[in-house]
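K.L.:
Please find data35.csv (CSV, C-alpha atoms and all ligand atoms) on the next line:
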chain,number,residue,atom,x,y,z
A,1323,MET,CA,65.9,-11.8,-61.7
A,1324,LEU,CA,65.7,-15.6,-61.9
A,1325,GLU,CA,64.1,-17.5,-64.8
A,1326,HIS,CA,60.6,-18.9,-64.3
A,1327,GLY,CA,58.1,-20.8,-66.4
A,1328,GLY,CA,54.9,-19.1,-67.7
A,1329,ARG,CA,56.7,-16.3,-69.6
A,1330,LEU,CA,54.5,-16.5,-72.7
A,1331,ASN,CA,55.2,-13.0,-73.9
A,1332,ALA,CA,58.9,-13.7,-74.0
A,1333,ALA,CA,58.2,-17.0,-75.8
A,1334,ALA,CA,56.0,-15.2,-78.3
A,1335,VAL,CA,58.8,-12.8,-79.2
A,1336,ARG,CA,61.4,-15.5,-79.3
A,1337,PHE,CA,59.5,-17.9,-81.6
A,1338,GLY,CA,57.3,-15.3,-83.5
A,1339,ILE,CA,54.0,-17.0,-82.3
A,1340,GLU,CA,51.3,-14.9,-80.7
A,1341,PRO,CA,50.7,-15.5,-77.0
A,1342,GLN,CA,47.1,-16.9,-77.5
A,1343,ARG,CA,48.3,-19.6,-79.9
A,1344,TRP,CA,50.6,-21.3,-77.3
A,1345,LEU,CA,50.1,-24.5,-75.3
A,1346,ASP,CA,51.9,-23.4,-72.1
A,1347,LEU,CA,53.2,-26.5,-70.2
A,1348,SER,CA,56.1,-24.5,-68.7
A,1349,THR,CA,54.7,-24.3,-65.2
A,1350,GLY,CA,53.4,-26.7,-62.6
A,1351,ILE,CA,50.1,-24.8,-62.3
A,1352,ASN,CA,46.8,-26.7,-62.5
A,1353,PRO,CA,45.4,-25.6,-65.9
A,1354,GLU,CA,41.9,-26.3,-64.8
A,1355,GLY,CA,42.0,-25.0,-61.2
A,1356,TRP,CA,39.3,-24.3,-58.7
A,1357,PRO,CA,36.2,-23.0,-60.6
A,1358,LEU,CA,36.1,-19.2,-60.2
A,1359,VAL,CA,33.1,-17.4,-58.9
A,1360,ASP,CA,32.2,-13.7,-58.9
A,1361,VAL,CA,33.9,-11.7,-56.1
A,1362,PRO,CA,31.6,-9.3,-54.1
A,1363,ALA,CA,32.2,-5.6,-54.9
A,1364,GLN,CA,33.0,-4.9,-51.2
A,1365,ALA,CA,36.0,-7.2,-51.4
A,1366,TRP,CA,37.5,-4.7,-53.9
A,1367,ARG,CA,36.2,-1.5,-52.2
A,1368,ARG,CA,37.0,-2.1,-48.5
A,1369,LEU,CA,40.5,-2.4,-47.0
A,1370,PRO,CA,41.3,-6.1,-46.4
A,1371,GLU,CA,41.0,-7.2,-42.8
A,1372,ASP,CA,43.6,-9.7,-41.6
A,1373,ASP,CA,41.2,-11.2,-39.1
A,1374,ASP,CA,38.7,-12.3,-41.8
A,1375,ALA,CA,38.0,-16.0,-42.5
A,1376,LEU,CA,41.0,-16.7,-44.8
A,1377,GLU,CA,43.4,-18.1,-42.2
A,1378,SER,CA,40.8,-20.2,-40.4
A,1379,ALA,CA,39.7,-21.7,-43.7
A,1380,ALA,CA,43.3,-22.5,-44.5
A,1381,SER,CA,43.9,-24.0,-41.0
A,1382,SER,CA,40.9,-26.3,-41.5
A,1383,CYS,CA,41.9,-27.2,-45.0
A,1384,PHE,CA,45.6,-28.0,-44.2
A,1385,GLY,CA,45.1,-29.3,-40.7
A,1386,CYS,CA,47.3,-26.8,-38.8
A,1387,SER,CA,46.9,-24.1,-36.1
A,1388,SER,CA,49.5,-21.4,-36.3
A,1389,ILE,CA,49.3,-19.8,-39.8
A,1390,LEU,CA,49.9,-16.5,-41.7
A,1391,ALA,CA,48.7,-15.7,-45.2
A,1392,THR,CA,51.3,-14.0,-47.5
A,1393,ALA,CA,51.2,-12.6,-51.0
A,1394,GLY,CA,52.1,-15.9,-52.5
A,1395,SER,CA,54.7,-18.2,-50.9
A,1396,GLN,CA,57.2,-16.1,-52.8
A,1397,ALA,CA,56.7,-13.2,-50.4
A,1398,ALA,CA,57.6,-15.6,-47.5
A,1399,ILE,CA,60.6,-17.0,-49.3
A,1400,GLN,CA,62.0,-13.5,-49.7
A,1401,ALA,CA,61.1,-12.3,-46.1
A,1402,LEU,CA,62.2,-15.4,-44.0
A,1403,PRO,CA,66.0,-14.9,-44.5
A,1404,LYS,CA,65.6,-11.4,-43.1
A,1405,LEU,CA,64.4,-12.7,-39.7
A,1406,ARG,CA,67.7,-14.5,-38.8
A,1407,PRO,CA,71.2,-13.4,-38.0
A,1408,GLN,CA,74.0,-14.4,-40.4
A,1409,SER,CA,73.6,-18.2,-40.7
A,1410,ARG,CA,75.0,-21.2,-42.6
A,1411,VAL,CA,72.2,-22.3,-44.9
A,1412,ASP,CA,72.0,-25.5,-46.8
A,1413,VAL,CA,69.6,-25.3,-49.7
A,1414,LEU,CA,68.5,-28.4,-51.6
A,1415,ALA,CA,69.8,-28.4,-55.2
A,1416,PRO,CA,68.4,-28.8,-57.8
A,1417,SER,CA,65.3,-27.1,-56.6
A,1418,TYR,CA,63.2,-23.9,-56.8
A,1419,ALA,CA,66.0,-21.4,-57.3
A,1420,GLU,CA,64.3,-18.5,-55.4
A,1421,HIS,CA,65.3,-20.0,-52.0
A,1422,ALA,CA,69.0,-20.0,-52.5
A,1423,HIS,CA,68.7,-16.6,-54.2
A,1424,ALA,CA,66.8,-15.0,-51.2
A,1425,TRP,CA,69.1,-16.4,-48.5
A,1426,SER,CA,72.2,-15.2,-50.5
A,1427,GLN,CA,70.7,-11.8,-51.1
A,1428,ALA,CA,70.1,-11.4,-47.3
A,1429,GLY,CA,73.8,-12.0,-46.7
A,1430,HIS,CA,73.8,-15.6,-45.3
A,1431,THR,CA,76.3,-18.3,-46.3
A,1432,VAL,CA,74.5,-20.5,-48.7
A,1433,ARG,CA,75.6,-24.0,-49.7
A,1434,SER,CA,74.2,-26.2,-52.3
A,1435,TRP,CA,72.9,-29.4,-50.6
A,1436,ASP,CA,72.2,-32.8,-52.1
A,1437,GLY,CA,69.6,-33.7,-49.4
A,1438,GLN,CA,71.4,-36.8,-48.1
A,1439,THR,CA,72.8,-36.1,-44.6
A,1440,LEU,CA,72.5,-33.1,-42.3
A,1441,ALA,CA,75.9,-31.3,-41.9
A,1442,ASP,CA,77.1,-30.8,-38.3
A,1443,ASP,CA,77.6,-27.1,-38.7
A,1444,VAL,CA,74.4,-26.1,-40.5
A,1445,ASP,CA,71.9,-23.6,-39.0
A,1446,VAL,CA,69.2,-23.6,-41.6
A,1447,VAL,CA,68.1,-26.3,-44.1
A,1448,VAL,CA,65.7,-25.4,-46.9
A,1449,LEU,CA,64.0,-28.0,-49.1
A,1450,VAL,CA,61.0,-28.4,-51.3
A,1451,ASN,CA,58.8,-31.5,-50.8
A,1452,PRO,CA,57.8,-32.8,-53.3
A,1453,ASN,CA,60.7,-31.2,-55.1
A,1454,ASN,CA,60.4,-28.9,-58.1
A,1455,PRO,CA,61.6,-29.7,-60.8
A,1456,THR,CA,62.7,-33.3,-60.0
A,1457,GLY,CA,59.5,-34.5,-58.3
A,1458,THR,CA,61.5,-36.3,-55.6
A,1459,CYS,CA,59.5,-36.9,-52.3
A,1460,ARG,CA,60.8,-37.2,-48.8
A,1461,ASP,CA,58.9,-38.9,-46.1
A,1462,ALA,CA,57.8,-37.0,-43.0
A,1463,ALA,CA,59.7,-39.1,-40.5
A,1464,GLN,CA,63.1,-38.3,-42.0
A,1465,LEU,CA,62.3,-34.6,-42.1
A,1466,LEU,CA,61.2,-34.6,-38.5
A,1467,ARG,CA,64.5,-36.2,-37.4
A,1468,TRP,CA,66.3,-33.3,-39.2
A,1469,HIS,CA,64.0,-30.8,-37.6
A,1470,ASP,CA,64.8,-32.2,-34.1
A,1471,ALA,CA,68.5,-32.0,-34.7
A,1472,LEU,CA,68.2,-28.4,-36.1
A,1473,ARG,CA,65.9,-27.2,-33.3
A,1474,ALA,CA,68.4,-28.5,-30.7
A,1475,ARG,CA,71.0,-26.0,-32.0
A,1476,GLY,CA,68.5,-23.1,-32.5
A,1477,GLY,CA,68.3,-23.8,-36.2
A,1478,TRP,CA,65.4,-24.0,-38.7
A,1479,LEU,CA,64.1,-26.5,-41.1
A,1480,VAL,CA,62.2,-24.7,-43.9
A,1481,VAL,CA,60.0,-27.0,-46.0
A,1482,ASP,CA,58.3,-25.5,-49.1
A,1483,GLU,CA,55.2,-27.6,-49.7
A,1484,ALA,CA,54.0,-25.8,-52.8
A,1485,TYR,CA,53.3,-29.2,-54.5
A,1486,VAL,CA,52.0,-31.2,-51.6
A,1487,ASP,CA,48.3,-30.7,-51.9
A,1488,ALA,CA,47.7,-33.9,-54.0
A,1489,CYS,CA,49.7,-36.0,-51.5
A,1490,PRO,CA,48.9,-34.4,-48.0
A,1491,GLU,CA,50.3,-37.4,-46.2
A,1492,LEU,CA,53.8,-36.0,-46.9
A,1493,SER,CA,53.0,-32.6,-45.2
A,1494,LEU,CA,54.6,-31.5,-42.0
A,1495,VAL,CA,52.0,-28.7,-41.3
A,1496,ALA,CA,50.6,-30.6,-38.2
A,1497,HIS,CA,54.0,-30.3,-36.6
A,1498,ALA,CA,54.8,-26.7,-37.6
A,1499,SER,CA,53.7,-24.9,-34.5
A,1500,THR,CA,56.9,-26.1,-32.7
A,1501,PRO,CA,60.0,-23.9,-32.8
A,1502,GLY,CA,62.4,-24.4,-35.7
A,1503,LEU,CA,60.0,-25.8,-38.3
A,1504,ILE,CA,58.6,-23.5,-41.0
A,1505,VAL,CA,56.3,-24.8,-43.7
A,1506,LEU,CA,55.2,-22.9,-46.8
A,1507,ARG,CA,52.1,-23.6,-48.8
A,1508,SER,CA,50.8,-22.0,-52.0
A,1509,LEU,CA,47.4,-21.6,-53.6
A,1510,GLY,CA,49.1,-21.2,-57.0
A,1511,LYS,CA,49.6,-24.8,-57.9
A,1512,PHE,CA,46.9,-27.4,-57.0
A,1513,PHE,CA,44.2,-24.7,-56.8
A,1514,GLY,CA,45.4,-23.0,-60.0
A,1515,LEU,CA,45.1,-19.6,-58.4
A,1516,ALA,CA,48.7,-18.4,-59.2
A,1517,GLY,CA,47.4,-14.9,-60.2
A,1518,ALA,CA,45.7,-14.3,-56.9
A,1519,ARG,CA,49.1,-14.4,-55.1
A,1520,ILE,CA,48.1,-16.3,-52.0
A,1521,GLY,CA,50.5,-18.4,-49.9
A,1522,PHE,CA,50.8,-19.4,-46.3
A,1523,VAL,CA,53.5,-19.8,-43.6
A,1524,ILE,CA,52.9,-22.3,-40.9
A,1525,ALA,CA,55.2,-21.9,-38.0
A,1526,GLU,CA,55.4,-21.0,-34.3
A,1527,PRO,CA,53.6,-17.8,-33.4
A,1528,ARG,CA,56.8,-15.9,-32.6
A,1529,ILE,CA,58.0,-16.3,-36.2
A,1530,LEU,CA,54.6,-15.4,-37.6
A,1531,ARG,CA,54.5,-12.2,-35.5
A,1532,ALA,CA,58.0,-11.2,-36.8
A,1533,LEU,CA,56.9,-12.0,-40.4
A,1534,ARG,CA,53.7,-10.0,-40.1
A,1535,GLU,CA,55.6,-7.0,-38.8
A,1536,HIS,CA,58.1,-7.3,-41.6
A,1537,LEU,CA,55.4,-7.6,-44.4
A,1538,GLY,CA,53.4,-4.6,-43.1
A,1539,PRO,CA,49.7,-3.9,-43.4
A,1540,TRP,CA,47.5,-5.2,-46.2
A,1541,PRO,CA,50.0,-7.3,-48.1
A,1542,ILE,CA,47.2,-9.3,-49.8
A,1543,CYS,CA,44.4,-7.8,-52.0
A,1544,GLY,CA,40.9,-8.2,-50.4
A,1545,ALA,CA,39.4,-9.8,-53.5
A,1546,ALA,CA,42.2,-12.5,-53.5
A,1547,ARG,CA,41.6,-13.1,-49.8
A,1548,TRP,CA,37.8,-13.6,-50.4
A,1549,LEU,CA,38.3,-15.9,-53.4
A,1550,ALA,CA,41.0,-18.0,-51.7
A,1551,THR,CA,38.7,-18.5,-48.7
A,1552,GLN,CA,36.0,-20.0,-50.9
A,1553,ALA,CA,38.5,-22.3,-52.6
A,1554,LEU,CA,39.9,-23.5,-49.3
A,1555,ARG,CA,36.4,-24.3,-48.0
A,1556,ASP,CA,35.5,-26.3,-51.1
A,1557,THR,CA,36.6,-29.7,-49.7
A,1558,GLU,CA,34.4,-31.6,-52.2
A,1559,TRP,CA,36.3,-30.1,-55.1
A,1560,GLN,CA,39.7,-30.7,-53.4
A,1561,PHE,CA,38.9,-34.4,-52.8
A,1562,ALA,CA,37.8,-35.0,-56.4
A,1563,GLU,CA,40.7,-32.9,-57.8
A,1564,ARG,CA,43.4,-34.9,-56.1
A,1565,ARG,CA,42.3,-38.0,-57.9
A,1566,ARG,CA,41.7,-36.3,-61.2
A,1567,LEU,CA,45.2,-34.7,-61.2
A,1568,LEU,CA,46.9,-37.9,-60.3
A,1569,ARG,CA,45.1,-39.7,-63.2
A,1570,ARG,CA,46.1,-36.8,-65.5
A,1571,SER,CA,49.7,-36.8,-64.4
A,1572,ALA,CA,49.9,-40.6,-65.1
A,1573,ARG,CA,48.5,-40.0,-68.5
A,1574,LEU,CA,51.2,-37.3,-69.2
A,1575,ALA,CA,53.9,-39.8,-68.0
A,1576,GLU,CA,52.5,-42.4,-70.4
A,1577,ILE,CA,52.5,-40.0,-73.4
A,1578,LEU,CA,56.0,-38.9,-72.7
A,1579,SER,CA,57.3,-42.5,-72.3
A,1580,ARG,CA,55.6,-43.4,-75.6
A,1581,HIS,CA,57.6,-40.7,-77.3
A,1582,HIS,CA,60.9,-41.9,-75.8
A,1583,LEU,CA,61.0,-39.2,-73.0
A,1584,PRO,CA,60.4,-41.4,-69.9
A,1585,PRO,CA,60.0,-39.2,-66.8
A,1586,SER,CA,62.2,-40.2,-63.8
A,1587,ALA,CA,59.6,-38.8,-61.4
A,1588,GLY,CA,56.8,-36.3,-61.1
A,1589,THR,CA,54.1,-34.8,-59.0
A,1590,ALA,CA,50.3,-34.6,-59.7
A,1591,LEU,CA,51.1,-31.4,-61.6
A,1592,PHE,CA,54.2,-32.0,-63.7
A,1593,GLN,CA,56.6,-34.7,-64.9
A,1594,TRP,CA,60.4,-34.4,-64.9
A,1595,VAL,CA,62.3,-35.9,-67.8
A,1596,PRO,CA,66.1,-35.9,-67.3
A,1597,THR,CA,67.8,-35.6,-70.8
A,1598,PRO,CA,70.9,-34.0,-72.1
A,1599,ALA,CA,68.9,-33.1,-75.2
A,1600,ALA,CA,66.7,-30.7,-73.1
A,1601,PRO,CA,67.6,-27.4,-74.9
A,1602,ARG,CA,67.1,-29.0,-78.4
A,1603,ILE,CA,63.7,-30.5,-77.5
A,1604,GLU,CA,62.5,-27.4,-75.8
A,1605,HIS,CA,63.4,-25.4,-78.9
A,1606,ALA,CA,61.8,-28.0,-81.3
A,1607,LEU,CA,58.6,-27.9,-79.2
A,1608,GLY,CA,58.7,-24.1,-79.1
A,1609,LEU,CA,58.6,-24.1,-82.9
A,1610,CYS,CA,55.3,-26.1,-82.6
A,1611,GLY,CA,53.9,-23.5,-80.1
A,1612,VAL,CA,54.3,-25.8,-77.1
A,1613,LEU,CA,56.2,-24.2,-74.3
A,1614,VAL,CA,58.0,-26.4,-71.8
A,1615,ARG,CA,60.7,-25.5,-69.3
A,1616,SER,CA,64.3,-26.6,-69.9
A,1617,PHE,CA,66.8,-26.9,-67.0
A,1618,SER,CA,70.6,-27.2,-67.3
A,1619,ASP,CA,71.9,-28.4,-64.0
A,1620,PRO,CA,71.0,-31.3,-64.2
A,1621,ALA,CA,69.8,-31.2,-67.8
A,1622,GLY,CA,66.1,-32.0,-68.1
A,1623,LEU,CA,62.6,-30.9,-69.1
A,1624,ARG,CA,59.6,-30.2,-66.9
A,1625,PHE,CA,56.3,-30.8,-68.5
A,1626,GLY,CA,53.2,-29.3,-66.9
A,1627,LEU,CA,49.7,-30.8,-67.4
A,1628,PRO,CA,47.7,-30.0,-70.5
A,1629,GLY,CA,44.1,-29.0,-69.8
A,1630,ALA,CA,41.3,-29.6,-72.3
A,1631,GLU,CA,41.3,-32.7,-74.4
A,1632,GLY,CA,42.5,-30.8,-77.5
A,1633,GLU,CA,45.6,-29.8,-75.6
A,1634,TRP,CA,46.5,-33.4,-75.0
A,1635,VAL,CA,46.1,-34.2,-78.7
A,1636,ARG,CA,48.3,-31.2,-79.5
A,1637,LEU,CA,51.1,-32.3,-77.2
A,1638,ASP,CA,51.0,-35.8,-78.6
A,1639,LYS,CA,51.2,-34.5,-82.2
A,1640,ALA,CA,54.0,-32.1,-81.4
A,1641,LEU,CA,56.0,-34.9,-79.7
A,1642,SER,CA,55.6,-37.2,-82.8
A,1643,GLN,CA,56.7,-34.3,-85.1
A,1644,ILE,CA,59.9,-33.5,-83.2
A,1645,ARG,CA,61.1,-37.1,-82.8
A,1646,PRO,CA,62.8,-36.8,-79.4
B,1,LIG,C1,58.5,-24.8,-55.2
B,1,LIG,C2,57.9,-23.5,-55.3
B,1,LIG,N1,57.7,-22.8,-54.2
B,1,LIG,C3,57.1,-21.6,-54.2
B,1,LIG,C4,56.7,-21.0,-55.4
B,1,LIG,C5,56.1,-19.6,-55.4
B,1,LIG,O1,54.7,-19.7,-55.6
B,1,LIG,P1,53.7,-18.7,-55.1
B,1,LIG,O2,54.4,-17.4,-54.8
B,1,LIG,O3,52.8,-18.5,-56.3
B,1,LIG,O4,52.9,-19.2,-54.0
B,1,LIG,C6,56.9,-21.7,-56.6
B,1,LIG,C7,56.5,-21.1,-57.9
B,1,LIG,O5,56.8,-21.6,-59.0
B,1,LIG,C8,57.5,-23.0,-56.6
B,1,LIG,O6,57.7,-23.7,-57.7
Show me the file's structure as structure tokens.
Ligand SMILES: Cc1ncc(COP(=O)(O)O)c(C=O)c1O
P.N.:
Amino acid sequence: MLEHGGRLNAAAVRFGIEPQRWLDLSTGINPEGWPLVDVPAQAWRRLPEDDDALESAASSCFGCSSILATAGSQAAIQALPKLRPQSRVDVLAPSYAEHAHAWSQAGHTVRSWDGQTLADDVDVVVLVNPNNPTGTCRDAAQLLRWHDALRARGGWLVVDEAYVDACPELSLVAHASTPGLIVLRSLGKFFGLAGARIGFVIAEPRILRALREHLGPWPICGAARWLATQALRDTEWQFAERRRLLRRSARLAEILSRHHLPPSAGTALFQWVPTPAAPRIEHALGLCGVLVRSFSDPAGLRFGLPGAEGEWVRLDKALSQIRP
């Protein structure tokens, strides 16, 4: 099992601080996501139907046509490698480690890729845009050129857009019904619905049919399908939330810089601070009950957004106590 943020119970044991006393900034999940509403009882009682309104709500929200809902984008990350014969796969590094893990587990030849130029012999390229944890963004024109080259040799470009919702101009979803381009979206980050386990694959219908077959019937809980549909239809909330998150992320960058931890980049939902002192700072913040995620290659810290005003004050205070 790979390491992830959000493991509060483990942090509670490690630092001897009860889970409810933590300020958890270890993920890139919106701490004040889409405002929840009550789910109708029928959504729990009936079997979920895969021709309900979820996928059409997602198509309108993202601006795409050929789409399949999955139990989180994680389910797609694990299933996609099983739909191809043995391939040479270049996976962006550093990035969300589950991609390289899933392609290796499925028996492909996986190479760590710096995202600069496309290798002549590569079959599949996998990248995250904007990238997690570094926050690096790539413009759509460059990605589409790579897609053209890969498609010409029967290859795939897989773009994980888990963090794209606040900057939709970077998204490739509008192009993803053409062969060889596969885009992943998540409702866990911007919408703050990580526990609902809803993600999407946008790709040509042939790939979606194969994925659906592979994932089997009822992969997503009916209550989660219903709730996600409401969130995807709430365009007013989405519009306001984009601006609010960008302001909040800028505030986070400002606080970190004031405490001598200037981020090199970030998204609307986290800031990335490259520093060789990452493990020491993570530990010192942990002793204050502030959980952040430390990475080793390259060394750095990822800070998610605080939520309520008191959480911002708490982060500020913890950073002044630890003297980074
Ligand atoms: C870049 C990226 N992609 C995908 C995922 C999986 O998200 P989910 O399965 O909740 O959609 C994560 C989770 O942290 C992520 O960071």
K.L.:
Please find the residues contacting ligand LIG 1 (chain B) at a distance of at most 10 Å between atoms, with only C-alpha atoms and all ligand atoms counted, and report them as a ChimeraX atom specification.
P.N.:
/A:1326-1328,1349-1351,1392-1400,1417-1421,1449-1455,1481-1486,1506-1511,1514-1522
K.L.:
Do a neighbour search on Ser1387 in chain A at 9 Å with all atoms listed in the file, toss out local chain neighbours closer than 2 positions, and write the hits as an mmCIF file with C-alpha atoms, in the coordinates of the input.
P.N.:
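New file part.cif:
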data_model
loop_
_atom_site.group_PDB
_atom_site.id
_atom_site.type_symbol
_atom_site.label_atom_id
_atom_site.label_comp_id
_atom_site.auth_asym_id
_atom_site.auth_seq_id
_atom_site.Cartn_x
_atom_site.Cartn_y
_atom_site.Cartn_z
ATOM 1 C CA SER A 1378 40.800 -20.200 -40.400
ATOM 2 C CA SER A 1381 43.900 -24.000 -41.000
ATOM 3 C CA SER A 1382 40.900 -26.300 -41.500
ATOM 4 C CA GLY A 1385 45.100 -29.300 -40.700
ATOM 5 C CA ILE A 1389 49.300 -19.800 -39.800
ATOM 6 C CA VAL A 1495 52.000 -28.700 -41.300
ATOM 7 C CA ALA A 1496 50.600 -30.600 -38.200
ATOM 8 C CA ALA A 1498 54.800 -26.700 -37.600
ATOM 9 C CA SER A 1499 53.700 -24.900 -34.500
ATOM 10 C CA ILE A 1524 52.900 -22.300 -40.900
ATOM 11 C CA ALA A 1525 55.200 -21.900 -38.000
#
K.L.:
Any idea what the distance is between CA of Val1612 in chain A and CA of Ser1579 in chain A?
P.N.:
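Taking CA of Val1612 in chain A as the start and CA of Ser1579 in chain A as the end point, the length is 17.6 Å.
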K.L.:
Pick the closest to Phe1513 in chain A from A:Asp1360, A:Glu1633, A:Glu1354, A:Asp1443: which is it, counting all atoms listed in the file?
P.N.:
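Counting all atoms listed in the file, the residue closest to Phe1513 in chain A is A:Glu1354.
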K.L.:
CA of Pro1362 in chain A and CA of Ala1545 in chain A, how far apart in Å?
P.N.:
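For CA of Ala1545 in chain A relative to CA of Pro1362 in chain A, the distance reads 7.8 Å.
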K.L.:
Considering all atoms listed in the file, state which residue in the set A:Leu1465, A:Leu1567, A:Leu1613, A:Val1361 is at the smallest distance from Val1480 in chain A.
P.N.:
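Using all atoms listed in the file, the shortest distance to Val1480 in chain A belongs to A:Leu1465.
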K.L.:
To one decimal place, how far is CA of Ala1572 in chain A from CA of Phe1512 in chain A in Å?
P.N.:
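The value is 15.8 Å.
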K.L.:
If you count all atoms listed in the file, which residues fall within 12 Å of range 1596-1603 of chain A, apart from same-chain ones fewer than 5 positions away, as a PDB file with C-alpha atoms, in the frame of the given file?
P.N.:
ATOM      1  CA  PRO A1455      61.600 -29.700 -60.800  1.00  0.00           C
ATOM      2  CA  THR A1456      62.700 -33.300 -60.000  1.00  0.00           C
ATOM      3  CA  GLY A1457      59.500 -34.500 -58.300  1.00  0.00           C
ATOM      4  CA  LEU A1578      56.000 -38.900 -72.700  1.00  0.00           C
ATOM      5  CA  HIS A1581      57.600 -40.700 -77.300  1.00  0.00           C
ATOM      6  CA  HIS A1582      60.900 -41.900 -75.800  1.00  0.00           C
ATOM      7  CA  LEU A1583      61.000 -39.200 -73.000  1.00  0.00           C
ATOM      8  CA  PRO A1584      60.400 -41.400 -69.900  1.00  0.00           C
ATOM      9  CA  PRO A1585      60.000 -39.200 -66.800  1.00  0.00           C
ATOM     10  CA  SER A1586      62.200 -40.200 -63.800  1.00  0.00           C
ATOM     11  CA  ALA A1587      59.600 -38.800 -61.400  1.00  0.00           C
ATOM     12  CA  GLY A1588      56.800 -36.300 -61.100  1.00  0.00           C
ATOM     13  CA  GLY A1608      58.700 -24.100 -79.100  1.00  0.00           C
ATOM     14  CA  LEU A1609      58.600 -24.100 -82.900  1.00  0.00           C
ATOM     15  CA  CYS A1610      55.300 -26.100 -82.600  1.00  0.00           C
ATOM     16  CA  VAL A1612      54.300 -25.800 -77.100  1.00  0.00           C
ATOM     17  CA  LEU A1613      56.200 -24.200 -74.300  1.00  0.00           C
ATOM     18  CA  VAL A1614      58.000 -26.400 -71.800  1.00  0.00           C
ATOM     19  CA  ARG A1615      60.700 -25.500 -69.300  1.00  0.00           C
ATOM     20  CA  SER A1616      64.300 -26.600 -69.900  1.00  0.00           C
ATOM     21  CA  PHE A1617      66.800 -26.900 -67.000  1.00  0.00           C
ATOM     22  CA  SER A1618      70.600 -27.200 -67.300  1.00  0.00           C
ATOM     23  CA  ASP A1619      71.900 -28.400 -64.000  1.00  0.00           C
ATOM     24  CA  PRO A1620      71.000 -31.300 -64.200  1.00  0.00           C
ATOM     25  CA  ALA A1621      69.800 -31.200 -67.800  1.00  0.00           C
ATOM     26  CA  GLY A1622      66.100 -32.000 -68.100  1.00  0.00           C
ATOM     27  CA  LEU A1623      62.600 -30.900 -69.100  1.00  0.00           C
ATOM     28  CA  ARG A1624      59.600 -30.200 -66.900  1.00  0.00           C
ATOM     29  CA  PHE A1625      56.300 -30.800 -68.500  1.00  0.00           C
ATOM     30  CA  ALA A1640      54.000 -32.100 -81.400  1.00  0.00           C
ATOM     31  CA  LEU A1641      56.000 -34.900 -79.700  1.00  0.00           C
ATOM     32  CA  SER A1642      55.600 -37.200 -82.800  1.00  0.00           C
ATOM     33  CA  GLN A1643      56.700 -34.300 -85.100  1.00  0.00           C
ATOM     34  CA  ILE A1644      59.900 -33.500 -83.200  1.00  0.00           C
ATOM     35  CA  ARG A1645      61.100 -37.100 -82.800  1.00  0.00           C
ATOM     36  CA  PRO A1646      62.800 -36.800 -79.400  1.00  0.00           C
TER      37      PRO A1646
END
K.L.:
So, with all atoms listed in the file as the atoms that count, which of A:Cys1459, A:Ala1471, A:Leu1503, A:Ala1379 lies closest to Glu1491 in chain A?
P.N.:
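Distance minimum relative to Glu1491 in chain A lands on A:Cys1459.
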K.L.:
Counting only C-alpha atoms, which residue out of A:Thr1500, A:Gln1364, A:Pro1490, A:Leu1568 sits closest to His1469 in chain A?
P.N.:
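Once distances to His1469 in chain A are computed over only C-alpha atoms, the minimum belongs to A:Thr1500.
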K.L.:
Let me make sure I understand: among A:Glu1558, A:Arg1475, A:Arg1329, A:Ala1365, which one has the smallest atom-to-atom distance to Leu1347 in chain A if we use all atoms listed in the file?
P.N.:
A:Arg1329
K.L.:
Which residue gives the smallest distance to Ser1348 in chain A among A:Val1413, A:Leu1607, A:Ala1463, A:Ala1553, with only C-alpha atoms counted?
P.N.:
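Among the listed residues, the smallest separation from Ser1348 in chain A belongs to A:Leu1607.
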